[in-house]
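Everything on this sheet refers to the single structure shown next.
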Amino acid sequence: MRLAGENFIDACYGRNEGRIPLWIMRQAGRYLPEYQEIRKKVSFRDLCRSPQLIAEVVRQPIERFGFDAAILFSDILIILEPMGMMVDFEHGAPQIEKPIKEPEDVHRLKDIDIEGDLSFVLDGIREIKKKLPESPLIGFVGSPFTLACYLIEGRSGKGFEAARRFIHEHPKAAEELFDLLTSICTRFLQAQIDAGADAVQVFDSWGGTMSRDDYLDWSVRPINRLFNSLKFNDVPRILYINNVAPYLDVVADIDCEVIGVDHRIDISKVLREVPKKSVQGNLDPSVLFGDCKHVAAKAQEILESVSDHSRLIFNLGQGIQPQTPLKSVQALVETVHNYRP
Ligand code: CP3
């Protein structure tokens, strides 16, 4: 008997011969009524700090939809508080209280003791593995550049101009900041693997806002260092990049097993042009607001456009939106799971 999650791990290594594995970014979250029930009682910050509740919300979408992988419930910004930066999650999009403005602000950041400061995440992973022993669990961090965007900008922005400016205005402080973030992210992912994560994903949500040279220096270089340190774990390494299209050739050379791509690119092109990696993506999350037939047709289009299904992991091109109809998600899961290459 094959375990439920074997197709996912096999697909990460480009050797899946079974049905196409599927999970969706932000699969635990506000589109689920059972998640909203829990959130009525606890804040997002407290939820992220309770190993029991973490395991519970990770289980919810798996139980409802039968996704082929689970993802740790936490946030890429969870490392900021122990670094000495307070984050407010309670008023919509997260906000950093006192963002970095000057090089001195970088010097004030603290290195963190992963096992001590983030024990609730690692205990959460152990709890998930107890509750969902058959689901492969994806651990994650934000990429150093994406984290720097929030640290410097203070909040989500369109182009993260302040972060891109800081790199050029204060290159030495930026270098120190990126070294610290890379070190923390590397140790954090290693600790997640040691606690039981079966795969790891780096979210480079905002690297695609940079010019090509800066993308190479400030996104790719730290990510390669990070992935390189993790390569002996026998755990697939996934890199998600938003707006991958201009940098597909660069991404093909990054040291990892899987590339997760946004919905602005043709996934069959990615599979062709990145022949040595598996590819994860990339249905536009807004498609899920159409009726079920439409959702099924759009998912089918992606499935049929691909010629090598052994290295495909189906996902959305970005996180699922809060008001997404549940029946659309159901239609998506059925379409992908019923598809035979
Ligand atoms: O199910 C999962 O995907 C696992 C949990 C997860 C969260 N955030 C939970 C969350 C993951 C993997 C993330 C990653 C994350 N967080 C990213 C990278 C992915 C991407 O979207 O590009 C980024 C940029 C963040 C930062 C962040 N955290 C933002 C921009 C927001 C607000 C936007 C939103 O969706 O409200 C958050 C808050 C957040 N992170 C929520 C959840 C479930 C909403 C909290 C709530 O109100 O319940």
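Just remember, in the structure tokens the first chain shown is A, the second B, etc., residues are 1-based per chain, and ligands are 1-based in the order shown.
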
### Task
Please identify every polymer residue within 6 Å of ligand 1, using only C-alpha atoms and all ligand atoms, and present the set as a PyMOL selection string.
chain A and resi 25-30+44+71-76+92-94+203+205+319

Selected residues written out, N, CA, C and O atoms, as an mmCIF file, in the first residue's frame:
```cif
data_model
loop_
_atom_site.group_PDB
_atom_site.id
_atom_site.type_symbol
_atom_site.label_atom_id
_atom_site.label_comp_id
_atom_site.auth_asym_id
_atom_site.auth_seq_id
_atom_site.Cartn_x
_atom_site.Cartn_y
_atom_site.Cartn_z
ATOM 1 N N MET A 25 -1.411 26.925 -1.570
ATOM 2 C CA MET A 25 -0.797 27.888 -0.668
ATOM 3 C C MET A 25 -1.880 28.583 0.153
ATOM 4 O O MET A 25 -2.915 28.943 -0.385
ATOM 5 N N ARG A 26 -1.625 28.717 1.452
ATOM 6 C CA ARG A 26 -2.583 29.245 2.430
ATOM 7 C C ARG A 26 -3.793 28.336 2.598
ATOM 8 O O ARG A 26 -4.910 28.791 2.808
ATOM 9 N N GLN A 27 -3.560 27.008 2.466
ATOM 10 C CA GLN A 27 -4.699 26.085 2.536
ATOM 11 C C GLN A 27 -5.353 26.060 3.907
ATOM 12 O O GLN A 27 -6.536 25.725 4.021
ATOM 13 N N ALA A 28 -4.582 26.379 4.960
ATOM 14 C CA ALA A 28 -5.186 26.565 6.282
ATOM 15 C C ALA A 28 -5.419 28.057 6.420
ATOM 16 O O ALA A 28 -4.493 28.829 6.322
ATOM 17 N N GLY A 29 -6.653 28.475 6.614
ATOM 18 C CA GLY A 29 -6.849 29.919 6.712
ATOM 19 C C GLY A 29 -8.283 30.346 6.591
ATOM 20 O O GLY A 29 -9.208 29.542 6.710
ATOM 21 N N ARG A 30 -8.423 31.632 6.319
ATOM 22 C CA ARG A 30 -9.724 32.275 6.518
ATOM 23 C C ARG A 30 -10.853 31.882 5.577
ATOM 24 O O ARG A 30 -11.995 32.184 5.840
ATOM 25 N N PHE A 44 -4.266 35.693 15.912
ATOM 26 C CA PHE A 44 -3.350 35.008 15.001
ATOM 27 C C PHE A 44 -2.014 34.730 15.714
ATOM 28 O O PHE A 44 -1.450 33.648 15.604
ATOM 29 N N ILE A 71 0.970 21.884 5.125
ATOM 30 C CA ILE A 71 1.993 22.912 5.343
ATOM 31 C C ILE A 71 1.873 23.417 6.769
ATOM 32 O O ILE A 71 0.764 23.596 7.281
ATOM 33 N N LEU A 72 3.020 23.588 7.374
ATOM 34 C CA LEU A 72 3.092 24.119 8.733
ATOM 35 C C LEU A 72 2.243 25.378 8.843
ATOM 36 O O LEU A 72 2.272 26.226 7.949
ATOM 37 N N PHE A 73 1.504 25.534 9.918
ATOM 38 C CA PHE A 73 0.791 26.785 10.131
ATOM 39 C C PHE A 73 1.667 27.709 10.965
ATOM 40 O O PHE A 73 1.968 27.429 12.131
ATOM 41 N N SER A 74 2.079 28.801 10.347
ATOM 42 C CA SER A 74 2.914 29.805 10.997
ATOM 43 C C SER A 74 2.934 30.993 10.061
ATOM 44 O O SER A 74 2.006 31.151 9.258
ATOM 45 N N ASP A 75 3.939 31.816 10.119
ATOM 46 C CA ASP A 75 4.043 32.921 9.163
ATOM 47 C C ASP A 75 5.505 33.211 8.913
ATOM 48 O O ASP A 75 6.340 32.991 9.800
ATOM 49 N N ILE A 76 5.808 33.706 7.715
ATOM 50 C CA ILE A 76 7.217 34.025 7.433
ATOM 51 C C ILE A 76 7.743 35.108 8.399
ATOM 52 O O ILE A 76 8.929 35.183 8.638
ATOM 53 N N GLY A 92 -5.525 43.568 9.811
ATOM 54 C CA GLY A 92 -5.376 43.273 8.383
ATOM 55 C C GLY A 92 -3.957 42.848 8.082
ATOM 56 O O GLY A 92 -3.376 42.044 8.798
ATOM 57 N N ALA A 93 -3.373 43.396 7.021
ATOM 58 C CA ALA A 93 -2.018 43.012 6.633
ATOM 59 C C ALA A 93 -1.035 43.342 7.757
ATOM 60 O O ALA A 93 -1.175 44.359 8.431
ATOM 61 N N PRO A 94 -0.041 42.462 7.993
ATOM 62 C CA PRO A 94 0.888 42.677 9.104
ATOM 63 C C PRO A 94 1.683 43.971 8.969
ATOM 64 O O PRO A 94 2.021 44.386 7.867
ATOM 65 N N PHE A 203 9.717 31.027 0.607
ATOM 66 C CA PHE A 203 8.824 31.941 -0.097
ATOM 67 C C PHE A 203 9.605 33.180 -0.510
ATOM 68 O O PHE A 203 9.912 34.034 0.324
ATOM 69 N N SER A 205 8.597 35.859 -2.125
ATOM 70 C CA SER A 205 7.402 36.520 -2.657
ATOM 71 C C SER A 205 7.735 37.810 -3.394
ATOM 72 O O SER A 205 7.012 38.206 -4.293
ATOM 73 N N GLY A 319 -1.394 32.578 -2.836
ATOM 74 C CA GLY A 319 -2.247 32.065 -1.773
ATOM 75 C C GLY A 319 -3.733 32.191 -2.094
ATOM 76 O O GLY A 319 -4.165 33.113 -2.792
#
```

### Near-Ser268 (chain A) list (9 Å; only C-alpha atoms; drop same-chain fewer than 4 positions) as a list in words
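The residues satisfying every condition are Arg272, Glu273, Ile302, Ser305, Val306, Ser307 and Asp308 of chain A.
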
Expected file: the selected residues, all heavy atoms, as a PDB file, in the first residue's frame:
```
ATOM      1  N   ARG A 272       9.463  22.858 -19.506  1.00  0.00           N
ATOM      2  CA  ARG A 272      10.393  22.698 -20.638  1.00  0.00           C
ATOM      3  C   ARG A 272      11.721  23.388 -20.381  1.00  0.00           C
ATOM      4  O   ARG A 272      12.779  22.837 -20.627  1.00  0.00           O
ATOM      5  CB  ARG A 272       9.779  23.310 -21.907  1.00  0.00           C
ATOM      6  CG  ARG A 272       9.020  22.336 -22.786  1.00  0.00           C
ATOM      7  CD  ARG A 272       8.794  22.894 -24.190  1.00  0.00           C
ATOM      8  NE  ARG A 272       8.431  24.296 -24.252  1.00  0.00           N
ATOM      9  CZ  ARG A 272       7.188  24.771 -24.118  1.00  0.00           C
ATOM     10  NH1 ARG A 272       6.180  23.928 -23.899  1.00  0.00           N
ATOM     11  NH2 ARG A 272       6.933  26.061 -24.204  1.00  0.00           N
ATOM     12  N   GLU A 273      11.656  24.605 -19.853  1.00  0.00           N
ATOM     13  CA  GLU A 273      12.879  25.405 -19.733  1.00  0.00           C
ATOM     14  C   GLU A 273      13.655  25.152 -18.439  1.00  0.00           C
ATOM     15  O   GLU A 273      14.769  25.635 -18.287  1.00  0.00           O
ATOM     16  CB  GLU A 273      12.543  26.892 -19.920  1.00  0.00           C
ATOM     17  CG  GLU A 273      12.071  27.123 -21.348  1.00  0.00           C
ATOM     18  CD  GLU A 273      11.834  28.580 -21.710  1.00  0.00           C
ATOM     19  OE1 GLU A 273      12.261  29.480 -20.951  1.00  0.00           O
ATOM     20  OE2 GLU A 273      11.216  28.809 -22.760  1.00  0.00           O
ATOM     21  N   ILE A 302      -4.526  23.411 -17.545  1.00  0.00           N
ATOM     22  CA  ILE A 302      -3.145  23.340 -17.050  1.00  0.00           C
ATOM     23  C   ILE A 302      -2.645  21.907 -17.146  1.00  0.00           C
ATOM     24  O   ILE A 302      -1.552  21.638 -17.658  1.00  0.00           O
ATOM     25  CB  ILE A 302      -3.058  23.851 -15.590  1.00  0.00           C
ATOM     26  CG1 ILE A 302      -3.297  25.358 -15.564  1.00  0.00           C
ATOM     27  CG2 ILE A 302      -1.719  23.481 -14.946  1.00  0.00           C
ATOM     28  CD1 ILE A 302      -3.216  25.997 -14.187  1.00  0.00           C
ATOM     29  N   SER A 305      -1.840  20.890 -20.637  1.00  0.00           N
ATOM     30  CA  SER A 305      -0.760  21.624 -21.313  1.00  0.00           C
ATOM     31  C   SER A 305       0.605  20.998 -21.028  1.00  0.00           C
ATOM     32  O   SER A 305       1.580  21.253 -21.716  1.00  0.00           O
ATOM     33  CB  SER A 305      -0.749  23.088 -20.850  1.00  0.00           C
ATOM     34  OG  SER A 305      -0.225  23.177 -19.532  1.00  0.00           O
ATOM     35  N   VAL A 306       0.656  20.176 -19.983  1.00  0.00           N
ATOM     36  CA  VAL A 306       1.930  19.636 -19.515  1.00  0.00           C
ATOM     37  C   VAL A 306       2.248  18.332 -20.234  1.00  0.00           C
ATOM     38  O   VAL A 306       1.366  17.495 -20.411  1.00  0.00           O
ATOM     39  CB  VAL A 306       1.816  19.392 -17.982  1.00  0.00           C
ATOM     40  CG1 VAL A 306       2.972  18.582 -17.454  1.00  0.00           C
ATOM     41  CG2 VAL A 306       1.700  20.724 -17.250  1.00  0.00           C
ATOM     42  N   SER A 307       3.516  18.154 -20.640  1.00  0.00           N
ATOM     43  CA  SER A 307       3.831  16.875 -21.272  1.00  0.00           C
ATOM     44  C   SER A 307       4.518  15.921 -20.294  1.00  0.00           C
ATOM     45  O   SER A 307       4.388  14.705 -20.428  1.00  0.00           O
ATOM     46  CB  SER A 307       4.678  17.086 -22.524  1.00  0.00           C
ATOM     47  OG  SER A 307       5.781  17.890 -22.207  1.00  0.00           O
ATOM     48  N   ASP A 308       5.257  16.449 -19.299  1.00  0.00           N
ATOM     49  CA  ASP A 308       5.904  15.553 -18.330  1.00  0.00           C
ATOM     50  C   ASP A 308       5.243  15.702 -16.958  1.00  0.00           C
ATOM     51  O   ASP A 308       5.616  16.568 -16.167  1.00  0.00           O
ATOM     52  CB  ASP A 308       7.401  15.890 -18.256  1.00  0.00           C
ATOM     53  CG  ASP A 308       8.137  14.967 -17.302  1.00  0.00           C
ATOM     54  OD1 ASP A 308       7.489  14.067 -16.714  1.00  0.00           O
ATOM     55  OD2 ASP A 308       9.357  15.144 -17.142  1.00  0.00           O
TER      56      ASP A 308
END
```

### Query
Hey, can you check how far CA of Pro51 (chain A) sits from CA of Ala195 (chain A)?
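Result for CA of Pro51 (chain A) versus CA of Ala195 (chain A): 12.5 Å, one decimal.
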
### Task
Identify, on the basis of only C-alpha atoms, every residue whose closest approach to Asp105 (chain A) does not exceed 10 Å; exclude the query and any residue fewer than 4 positions from it along the same chain; express the result as a list in words.
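Surrounding residues, per the criterion: Lys98, Pro99, Ile100, Lys101, Leu109, Ile152, Ala173 and Leu177 of chain A.
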
### Query
Can you list, as a ChimeraX atom specification, every protein, DNA or RNA residue that comes within 7 Å of region 157-169 of chain A when you count only C-alpha atoms, leaving out same-chain residues fewer than 4 positions away?
/A:148-149,152-153,174,209

Using only C-alpha atoms, which protein or nucleic acid residues come within 10 Å of region 291-294 of chain A? Drop anything in the same chain fewer than 4 positions from it, and give the result as a CSV table (one decimal) with all heavy atoms, in the first residue's frame.
```
chain,number,residue,atom,x,y,z
A,287,VAL,N,-9.5,32.4,-10.3
A,287,VAL,CA,-10.3,31.5,-11.0
A,287,VAL,C,-11.3,30.8,-10.1
A,287,VAL,O,-12.5,30.4,-10.5
A,287,VAL,CB,-9.4,30.4,-11.7
A,287,VAL,CG1,-10.2,29.2,-12.2
A,287,VAL,CG2,-8.7,31.0,-12.9
A,298,LYS,N,-10.5,25.2,-16.2
A,298,LYS,CA,-9.2,25.9,-16.1
A,298,LYS,C,-8.1,25.0,-15.5
A,298,LYS,O,-7.0,25.1,-16.0
A,298,LYS,CB,-9.4,27.1,-15.2
A,298,LYS,CG,-10.1,28.3,-15.9
A,298,LYS,CD,-9.3,28.8,-17.0
A,298,LYS,CE,-10.0,29.9,-17.7
A,298,LYS,NZ,-9.2,30.4,-18.9
A,299,ALA,N,-8.5,24.2,-14.6
A,299,ALA,CA,-7.5,23.2,-14.0
A,299,ALA,C,-7.1,22.2,-15.1
A,299,ALA,O,-5.9,21.9,-15.2
A,299,ALA,CB,-8.1,22.5,-12.8
A,300,GLN,N,-8.1,21.7,-15.8
A,300,GLN,CA,-7.9,20.7,-16.9
A,300,GLN,C,-6.9,21.3,-17.9
A,300,GLN,O,-6.0,20.6,-18.4
A,300,GLN,CB,-9.2,20.4,-17.5
A,300,GLN,CG,-9.2,19.2,-18.4
A,300,GLN,CD,-9.2,17.8,-17.6
A,300,GLN,OE1,-9.5,17.8,-16.4
A,300,GLN,NE2,-8.8,16.8,-18.3
A,325,PRO,N,-15.1,30.4,-2.6
A,325,PRO,CA,-16.1,29.4,-2.3
A,325,PRO,C,-15.5,28.0,-2.1
A,325,PRO,O,-14.7,27.5,-2.9
A,325,PRO,CB,-17.0,29.4,-3.6
A,325,PRO,CG,-16.6,30.6,-4.3
A,325,PRO,CD,-15.2,31.0,-3.9
A,327,LYS,N,-16.9,25.1,-2.6
A,327,LYS,CA,-17.2,24.2,-3.6
A,327,LYS,C,-16.2,24.3,-4.8
A,327,LYS,O,-16.0,23.3,-5.5
A,327,LYS,CB,-18.7,24.3,-4.1
A,327,LYS,CG,-19.1,25.6,-4.6
A,327,LYS,CD,-20.6,25.5,-4.9
A,327,LYS,CE,-21.2,26.7,-5.7
A,327,LYS,NZ,-20.7,28.0,-5.6
A,328,SER,N,-15.6,25.4,-5.0
A,328,SER,CA,-14.6,25.6,-6.1
A,328,SER,C,-13.4,24.8,-5.7
A,328,SER,O,-12.7,24.2,-6.6
A,328,SER,CB,-14.2,27.0,-6.2
A,328,SER,OG,-15.3,27.8,-6.7
A,329,VAL,N,-13.0,24.8,-4.4
A,329,VAL,CA,-11.8,24.1,-4.0
A,329,VAL,C,-12.1,22.6,-4.2
A,329,VAL,O,-11.2,21.9,-4.7
A,329,VAL,CB,-11.4,24.4,-2.5
A,329,VAL,CG1,-10.2,23.7,-2.1
A,329,VAL,CG2,-11.3,25.9,-2.3
A,330,GLN,N,-13.3,22.2,-3.8
A,330,GLN,CA,-13.7,20.8,-4.0
A,330,GLN,C,-13.6,20.4,-5.5
A,330,GLN,O,-13.0,19.3,-5.8
A,330,GLN,CB,-15.1,20.6,-3.5
A,330,GLN,CG,-15.5,19.1,-3.4
A,330,GLN,CD,-14.6,18.3,-2.4
A,330,GLN,OE1,-14.3,18.8,-1.3
A,330,GLN,NE2,-14.2,17.1,-2.9
A,331,ALA,N,-14.1,21.3,-6.4
A,331,ALA,CA,-14.1,21.0,-7.8
A,331,ALA,C,-12.6,20.9,-8.3
A,331,ALA,O,-12.3,20.0,-9.1
A,331,ALA,CB,-14.8,22.1,-8.6
A,332,LEU,N,-11.8,21.7,-7.8
A,332,LEU,CA,-10.4,21.7,-8.2
A,332,LEU,C,-9.7,20.4,-7.8
A,332,LEU,O,-9.0,19.7,-8.6
A,332,LEU,CB,-9.6,22.9,-7.5
A,332,LEU,CG,-8.1,22.9,-7.7
A,332,LEU,CD1,-7.7,23.1,-9.1
A,332,LEU,CD2,-7.5,24.0,-6.8
A,335,THR,N,-10.9,17.5,-9.9
A,335,THR,CA,-10.4,17.5,-11.3
A,335,THR,C,-8.9,17.0,-11.3
A,335,THR,O,-8.6,16.2,-12.1
A,335,THR,CB,-10.4,19.0,-11.8
A,335,THR,OG1,-11.7,19.5,-11.7
A,335,THR,CG2,-9.9,19.0,-13.2
```

### Message
I need the strand (DSSP E or B) residues of region 18-261 of chain A per DSSP on the backbone, written as a list in words.
### Response
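So the strand (DSSP E or B) residues in region 18-261 of chain A would be Leu22, Ala70, Ile71, Val87, Asp88, Gln95, Ile96, Leu137, Ile138, Gly139, Phe140, Val141, Gly142, Arg155, Ala199, Val200, Gln201, Val202, Phe203, Asp204, Arg237, Ile238, Leu239, Tyr240, Ile241, Val258, Ile259, Gly260 and Val261 of chain A.
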
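Closest approach to Tyr240 (chain A) among A:Gly142, A:Pro103, A:Pro341, A:Gly290: A:Gly142, based on only C-alpha atoms.
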
### Task
Just the residues within 9 Å of region 53-65 of chain A, please, counting only C-alpha atoms, with nothing from its chain fewer than 4 positions along; format it as a ChimeraX atom specification.
/A:23,27-29,32,34-35,38,47-49,69-74,121,124-132,135,329-330,333

Can you write just those residues out, N, CA, C and O atoms, as a compact mmCIF listing (two decimals), in the first residue's frame?
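Written output follows (out-v1.txt):
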```txt
# COMPACT_ATOMS: atom_id res chain seq x y z
N TRP A 23 -1.63 20.51 -3.39
CA TRP A 23 -1.90 21.24 -2.15
C TRP A 23 -2.04 22.68 -2.56
O TRP A 23 -1.74 23.03 -3.71
N GLN A 27 -3.56 27.01 2.47
CA GLN A 27 -4.70 26.08 2.54
C GLN A 27 -5.35 26.06 3.91
O GLN A 27 -6.54 25.73 4.02
N ALA A 28 -4.58 26.38 4.96
CA ALA A 28 -5.19 26.56 6.28
C ALA A 28 -5.42 28.06 6.42
O ALA A 28 -4.49 28.83 6.32
N GLY A 29 -6.65 28.48 6.61
CA GLY A 29 -6.85 29.92 6.71
C GLY A 29 -8.28 30.35 6.59
O GLY A 29 -9.21 29.54 6.71
N LEU A 32 -11.79 28.98 5.30
CA LEU A 32 -12.41 27.80 5.96
C LEU A 32 -13.22 28.23 7.18
O LEU A 32 -12.65 28.83 8.10
N GLU A 34 -14.16 26.44 9.63
CA GLU A 34 -13.63 25.83 10.86
C GLU A 34 -12.38 26.57 11.37
O GLU A 34 -12.10 26.60 12.56
N TYR A 35 -11.66 27.21 10.45
CA TYR A 35 -10.53 28.07 10.86
C TYR A 35 -11.06 29.34 11.52
O TYR A 35 -10.60 29.76 12.57
N ILE A 38 -11.99 28.95 15.13
CA ILE A 38 -10.86 29.01 16.06
C ILE A 38 -10.37 30.45 16.23
O ILE A 38 -10.08 30.90 17.34
N LEU A 47 -2.46 31.89 18.09
CA LEU A 47 -2.65 30.66 17.32
C LEU A 47 -1.29 30.11 16.87
O LEU A 47 -1.00 28.92 17.00
N CYS A 48 -0.44 31.01 16.37
CA CYS A 48 0.89 30.59 15.91
C CYS A 48 1.78 30.09 17.05
O CYS A 48 2.81 29.48 16.80
N ARG A 49 1.40 30.41 18.30
CA ARG A 49 2.21 30.00 19.45
C ARG A 49 1.65 28.79 20.19
O ARG A 49 2.19 28.41 21.23
N ALA A 69 -0.40 17.17 0.62
CA ALA A 69 0.66 17.60 1.53
C ALA A 69 0.06 18.58 2.52
O ALA A 69 -0.92 19.25 2.23
N ALA A 70 0.67 18.62 3.70
CA ALA A 70 0.27 19.59 4.73
C ALA A 70 1.35 20.66 4.77
O ALA A 70 2.51 20.38 4.47
N ILE A 71 0.97 21.88 5.12
CA ILE A 71 1.99 22.91 5.34
C ILE A 71 1.87 23.42 6.77
O ILE A 71 0.76 23.60 7.28
N LEU A 72 3.02 23.59 7.37
CA LEU A 72 3.09 24.12 8.73
C LEU A 72 2.24 25.38 8.84
O LEU A 72 2.27 26.23 7.95
N PHE A 73 1.50 25.53 9.92
CA PHE A 73 0.79 26.78 10.13
C PHE A 73 1.67 27.71 10.97
O PHE A 73 1.97 27.43 12.13
N SER A 74 2.08 28.80 10.35
CA SER A 74 2.91 29.81 11.00
C SER A 74 2.93 30.99 10.06
O SER A 74 2.01 31.15 9.26
N VAL A 121 7.01 26.58 17.38
CA VAL A 121 6.92 26.13 15.98
C VAL A 121 7.38 24.66 15.89
O VAL A 121 6.72 23.82 15.28
N GLY A 124 4.98 22.47 17.40
CA GLY A 124 3.84 22.39 16.48
C GLY A 124 4.09 21.33 15.42
O GLY A 124 3.21 20.53 15.10
N ILE A 125 5.29 21.31 14.88
CA ILE A 125 5.64 20.30 13.86
C ILE A 125 5.51 18.89 14.44
O ILE A 125 4.92 18.00 13.82
N ARG A 126 6.02 18.70 15.66
CA ARG A 126 5.94 17.35 16.28
C ARG A 126 4.49 16.95 16.50
O ARG A 126 4.11 15.80 16.31
N GLU A 127 3.67 17.93 16.86
CA GLU A 127 2.25 17.67 17.10
C GLU A 127 1.54 17.32 15.78
O GLU A 127 0.71 16.42 15.72
N ILE A 128 1.89 18.03 14.71
CA ILE A 128 1.28 17.75 13.39
C ILE A 128 1.64 16.32 12.97
O ILE A 128 0.81 15.58 12.47
N LYS A 129 2.91 15.96 13.17
CA LYS A 129 3.34 14.63 12.74
C LYS A 129 2.60 13.53 13.51
O LYS A 129 2.36 12.45 12.98
N LYS A 130 2.22 13.84 14.76
CA LYS A 130 1.43 12.85 15.53
C LYS A 130 0.03 12.74 14.96
O LYS A 130 -0.53 11.66 14.84
N LYS A 131 -0.55 13.90 14.63
CA LYS A 131 -1.94 13.91 14.16
C LYS A 131 -2.09 13.46 12.72
O LYS A 131 -3.13 12.94 12.32
N LEU A 132 -1.08 13.76 11.91
CA LEU A 132 -1.15 13.47 10.47
C LEU A 132 0.08 12.69 10.02
O LEU A 132 0.86 13.18 9.18
N SER A 135 0.67 12.37 6.10
CA SER A 135 0.79 13.50 5.18
C SER A 135 2.20 14.05 5.21
O SER A 135 2.70 14.36 6.29
N VAL A 329 -13.01 24.84 -4.42
CA VAL A 329 -11.81 24.11 -3.99
C VAL A 329 -12.06 22.61 -4.19
O VAL A 329 -11.21 21.87 -4.69
N GLN A 330 -13.28 22.19 -3.82
CA GLN A 330 -13.67 20.78 -4.01
C GLN A 330 -13.58 20.39 -5.49
O GLN A 330 -13.04 19.34 -5.84
N VAL A 333 -9.93 20.01 -6.50
CA VAL A 333 -9.32 18.77 -5.99
C VAL A 333 -9.79 17.58 -6.82
O VAL A 333 -8.98 16.74 -7.24
```

### Counting only C-alpha atoms, the residue of A:Ile265, A:Leu180, A:Ile254, A:Val244 that sits nearest Arg221 (chain A)
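Among A:Ile265, A:Leu180, A:Ile254, A:Val244, it is A:Ile254 that comes nearest to Arg221 (chain A).
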